Amino acid sequence: MGKDLERQKVLLDELHMLVDRPMRLMVVCGTQNKAILKHGLRELLPKDLDLVAGPGCSVCVMPAGHIDAFVKIAMQPDVITAVCEDLLKVPGSKESLGSAMTKGARVEIITSPMDALDIARREPESIVVYPAVGFEATAPSVAETILEAARFGVENFCVIPSIRLLPPTIDLLMLDPELNIRGLLCSDHINTISDTEAYTELAKTHKLSCYIAGFEIVEILEGLVSLVRQIRNDVSVFDDTSAFIYSSEDNRKARKMVSEVFFTVDTDWRGLGTIEKSGFVIRDELSLYDATKRFNVRFKEGQESCMCQCNAIITGRGLPPDCPAFGMVCSPQSPIGPCMISDEGICHSYFKYHLQSSKNSSH
């Protein structure tokens, strides 16, 4: 048995010893949920330890109205939309960026905002539009790209700001007593911009145990052990002792760039409505790089699929099998909702790993 497997067994044994009552934890990050399902961890945990998914999948919380705006801009003449692949199939009210491609929109698949800026430099006759989708951890790279475009006078590049902040959203969710969440497992991503104060406040306000963990299964198990210990000891703290901590200089630079480019506003979330101070928009002095201003497009309320219950799943109120469409009319091959479309979506991971493992164990 390798060291990792030995460590996993030790941590699982400890969890079984520590969990002495029903405990409900929210795994906020989609990547961590994916790892838990991929490794079959749910089946190995104590039966009284209940894990629910949170809103930590940026594609999954994208409202249809924002996709409608992406599509509208993508269909403009001489526009190249540079987008991460996960976003292609996410449905708006009627269209997706993928379906817009079939109607003549030019869409390029990229992996970072700097890739979009590179396309703008190569194709000066077109306007390159980057839909900036993600959580606060993505904000520094988007801000850096906008500032570089401004510094070098690249005027045919702009961004559709659709970045969301997790702390205000988790704060809203925790007000629901029926959720009965006792702890939050968060990911290393949140340390890109130090959110220690925000999560410390969440822990104190809602009597939560919070822990930052990495994405390996041992790191996730260490996080679960820490959370269970905190709950047993009636402690509400934000524990980031295991996290990769960026240097104070890196944090200072990231915060400075973000504050130069963005400010916070009330923002719409799929299934949650408008949440106060939960999104970023681009400052007026950089409006040349704001695609919504450049193309005079506003985010409007869109129409979500009535068959899809992603709303309940990303707020901890249900699991994928609770949705009547899951695995039937909704699958990775023919997805209806964003939780099945995104590789980080809980429905996609549940279908790919949990459903498969259930089939295998039945033989």
# chains A, B, ... in the order shown; residues from 1 in each chain; ligands from 1

$ select_by_dssp --residues "segment 159-361 of chain A" --states "strand (DSSP E)" --output "ChimeraX atom specification"
/A:159-164,183-187,209-213,238-239,262-269,273-282

$ residues_around --residues "Cys60 of chain A" --least-positions-apart "4" --cutoff "9 Å" --atoms "only C-alpha atoms" --output "MDAnalysis selection string"
chainID A and resid 55:56 90 270 310:311 314 337:342 344:346

$ residues_around --residues "Gly279 of chain A" --least-positions-apart "6" --cutoff "10 Å" --atoms "only C-alpha atoms" --output "VMD selection string"
chain A and resid 135 to 136 161 to 166 168 262 to 269

$ select_by_dssp --residues "segment 189-230 of chain A" --states "helix (DSSP H, G or I)" --output "ChimeraX atom specification"
/A:189-191,196-206,217-230

$ closest_residue --among "A:Leu51, A:Leu147, A:Ala291, A:Leu319" --to "Ser259 of chain A" --atoms "only C-alpha atoms"
A:Leu147

$ atom_distance --atom1 "atom CA of Pro321 of chain A" --atom2 "atom CA of Leu227 of chain A"
26.1 Å

$ closest_residue --among "A:Ile336, A:Ile220, A:Ile73, A:Leu172" --to "Arg298 of chain A" --atoms "only C-alpha atoms"
A:Ile73

$ residues_around --residues "Ile119 of chain A" --least-positions-apart "3" --cutoff "9 Å" --atoms "only C-alpha atoms" --output "list of chain:residue names"
A:Ile80, A:Ala82, A:Met114, A:Asp115, A:Ala116, A:Arg122, A:Glu123, A:Pro124, A:Val128, A:Phe157

$ write_last_selection --atoms "N, CA, C and O atoms" --output "CSV table (one decimal), in the first residue's frame"
chain,number,residue,atom,x,y,z
A,80,ILE,N,-14.9,38.5,-32.8
A,80,ILE,CA,-14.5,37.2,-32.4
A,80,ILE,C,-14.7,37.0,-30.9
A,80,ILE,O,-14.2,37.8,-30.1
A,82,ALA,N,-13.8,35.0,-27.8
A,82,ALA,CA,-12.8,34.1,-27.3
A,82,ALA,C,-13.2,33.5,-26.0
A,82,ALA,O,-13.4,34.3,-25.0
A,114,MET,N,-5.3,36.1,-21.5
A,114,MET,CA,-4.2,36.6,-22.3
A,114,MET,C,-4.2,36.0,-23.7
A,114,MET,O,-3.8,36.6,-24.7
A,115,ASP,N,-4.8,34.8,-23.8
A,115,ASP,CA,-5.0,34.2,-25.1
A,115,ASP,C,-5.9,35.0,-26.0
A,115,ASP,O,-5.6,35.2,-27.2
A,116,ALA,N,-6.9,35.6,-25.4
A,116,ALA,CA,-7.9,36.5,-26.1
A,116,ALA,C,-7.1,37.7,-26.6
A,116,ALA,O,-7.3,38.2,-27.7
A,122,ARG,N,-3.2,39.7,-33.2
A,122,ARG,CA,-3.0,39.1,-34.5
A,122,ARG,C,-4.1,39.5,-35.5
A,122,ARG,O,-3.8,39.5,-36.7
A,123,GLU,N,-5.3,39.9,-35.0
A,123,GLU,CA,-6.4,40.2,-35.9
A,123,GLU,C,-6.9,41.6,-35.6
A,123,GLU,O,-8.0,41.8,-35.1
A,124,PRO,N,-6.2,42.6,-36.0
A,124,PRO,CA,-6.6,44.0,-35.7
A,124,PRO,C,-7.8,44.5,-36.3
A,124,PRO,O,-8.4,45.5,-35.9
A,128,VAL,N,-12.1,41.5,-30.5
A,128,VAL,CA,-12.1,40.3,-29.8
A,128,VAL,C,-12.8,40.5,-28.4
A,128,VAL,O,-12.4,41.4,-27.7
A,157,PHE,N,-9.9,44.9,-28.2
A,157,PHE,CA,-10.1,43.9,-27.2
A,157,PHE,C,-11.0,44.4,-26.1
A,157,PHE,O,-10.9,45.5,-25.7

$ closest_residue --among "A:Phe238, A:Phe152, A:Phe299, A:Tyr289" --to "Gly92 of chain A" --atoms "only C-alpha atoms"
A:Phe299

$ atom_distance --atom1 "atom CA of Ala35 of chain A" --atom2 "atom CA of Leu15 of chain A"
18.0 Å

$ residues_around --residues "Leu49 of chain A" --least-positions-apart "6" --cutoff "9 Å" --atoms "only C-alpha atoms" --output "list in words"
Leu15, Val19, Arg21, Pro22, Met23, Arg24, Leu25 and Val228 of chain A

$ atom_distance --atom1 "atom CA of Val27 of chain A" --atom2 "atom CA of Ala254 of chain A"
25.7 Å

$ closest_atom_pairs --of "segment 16-88 of chain A" --to "segment 93-103 of chain A" --cutoff "8 Å" --atoms "only C-alpha atoms" --output "CSV"
residue,atom,partner,partner_atom,distance
A:Ala64,CA,A:Ser93,CA,5.7
A:Gly65,CA,A:Ser93,CA,7.0
A:Ile67,CA,A:Ser96,CA,6.8
A:Asp68,CA,A:Ser93,CA,6.5
A:Phe70,CA,A:Leu97,CA,7.3
A:Val71,CA,A:Leu97,CA,5.6
A:Ala74,CA,A:Ala100,CA,7.5
A:Met75,CA,A:Ala100,CA,7.0
A:Leu87,CA,A:Leu97,CA,7.5
A:Leu88,CA,A:Gly98,CA,4.8

$ decode --residues "segment 41-70 of chain A" --atoms "N, CA and C atoms" --output "short mmCIF file (atom, residue, chain, number, x, y, z; two decimals), in the first residue's frame"
data_model
loop_
_atom_site.label_atom_id
_atom_site.label_comp_id
_atom_site.auth_asym_id
_atom_site.auth_seq_id
_atom_site.Cartn_x
_atom_site.Cartn_y
_atom_site.Cartn_z
N LEU A 41 -15.41 8.52 -2.82
CA LEU A 41 -15.25 8.84 -1.40
C LEU A 41 -16.58 8.83 -0.64
N ARG A 42 -17.65 9.22 -1.30
CA ARG A 42 -18.95 9.27 -0.62
C ARG A 42 -19.31 7.92 0.01
N GLU A 43 -19.01 6.83 -0.71
CA GLU A 43 -19.37 5.50 -0.22
C GLU A 43 -18.51 5.07 0.96
N LEU A 44 -17.37 5.73 1.15
CA LEU A 44 -16.44 5.35 2.22
C LEU A 44 -16.62 6.16 3.50
N LEU A 45 -17.39 7.23 3.40
CA LEU A 45 -17.56 8.13 4.56
C LEU A 45 -18.57 7.57 5.55
N PRO A 46 -18.50 8.03 6.81
CA PRO A 46 -19.52 7.64 7.80
C PRO A 46 -20.91 8.03 7.31
N LYS A 47 -21.92 7.21 7.59
CA LYS A 47 -23.26 7.46 7.06
C LYS A 47 -23.86 8.75 7.60
N ASP A 48 -23.40 9.20 8.77
CA ASP A 48 -23.93 10.44 9.35
C ASP A 48 -23.23 11.69 8.84
N LEU A 49 -22.23 11.51 7.98
CA LEU A 49 -21.54 12.67 7.40
C LEU A 49 -22.12 12.93 6.02
N ASP A 50 -22.89 14.01 5.93
CA ASP A 50 -23.64 14.33 4.71
C ASP A 50 -22.93 15.47 3.97
N LEU A 51 -22.51 15.20 2.73
CA LEU A 51 -21.86 16.22 1.91
C LEU A 51 -22.83 16.73 0.86
N VAL A 52 -22.98 18.04 0.77
CA VAL A 52 -23.81 18.64 -0.28
C VAL A 52 -22.94 19.58 -1.10
N ALA A 53 -23.36 19.80 -2.33
CA ALA A 53 -22.62 20.69 -3.23
C ALA A 53 -22.98 22.14 -2.95
N GLY A 54 -22.04 23.02 -3.26
CA GLY A 54 -22.28 24.45 -3.14
C GLY A 54 -22.24 25.13 -4.49
N PRO A 55 -22.22 26.46 -4.49
CA PRO A 55 -22.30 27.22 -5.75
C PRO A 55 -20.95 27.44 -6.42
N GLY A 56 -19.96 26.58 -6.10
CA GLY A 56 -18.60 26.81 -6.58
C GLY A 56 -18.29 26.25 -7.94
N CYS A 57 -19.21 26.38 -8.88
CA CYS A 57 -18.97 26.05 -10.29
C CYS A 57 -19.43 27.26 -11.08
N SER A 58 -18.49 28.01 -11.64
CA SER A 58 -18.85 29.31 -12.21
C SER A 58 -19.80 29.21 -13.39
N VAL A 59 -19.69 28.13 -14.18
CA VAL A 59 -20.62 27.93 -15.29
C VAL A 59 -22.02 27.59 -14.77
N CYS A 60 -22.06 26.82 -13.67
CA CYS A 60 -23.34 26.36 -13.13
C CYS A 60 -24.20 27.50 -12.57
N VAL A 61 -23.57 28.57 -12.12
CA VAL A 61 -24.33 29.67 -11.53
C VAL A 61 -24.59 30.80 -12.54
N MET A 62 -24.26 30.53 -13.80
CA MET A 62 -24.42 31.54 -14.84
C MET A 62 -25.88 31.64 -15.27
N PRO A 63 -26.55 32.77 -15.04
CA PRO A 63 -27.96 32.88 -15.44
C PRO A 63 -28.11 32.97 -16.95
N ALA A 64 -29.26 32.53 -17.43
CA ALA A 64 -29.51 32.52 -18.87
C ALA A 64 -29.38 33.91 -19.48
N GLY A 65 -29.75 34.94 -18.71
CA GLY A 65 -29.67 36.31 -19.22
C GLY A 65 -28.26 36.72 -19.58
N HIS A 66 -27.26 36.21 -18.86
CA HIS A 66 -25.87 36.54 -19.18
C HIS A 66 -25.45 35.84 -20.46
N ILE A 67 -25.87 34.58 -20.62
CA ILE A 67 -25.57 33.87 -21.87
C ILE A 67 -26.22 34.58 -23.05
N ASP A 68 -27.44 35.09 -22.85
CA ASP A 68 -28.12 35.84 -23.92
C ASP A 68 -27.26 37.03 -24.36
N ALA A 69 -26.64 37.71 -23.39
CA ALA A 69 -25.79 38.86 -23.72
C ALA A 69 -24.53 38.40 -24.47
N PHE A 70 -23.95 37.28 -24.03
CA PHE A 70 -22.77 36.76 -24.73
C PHE A 70 -23.11 36.47 -26.21
#
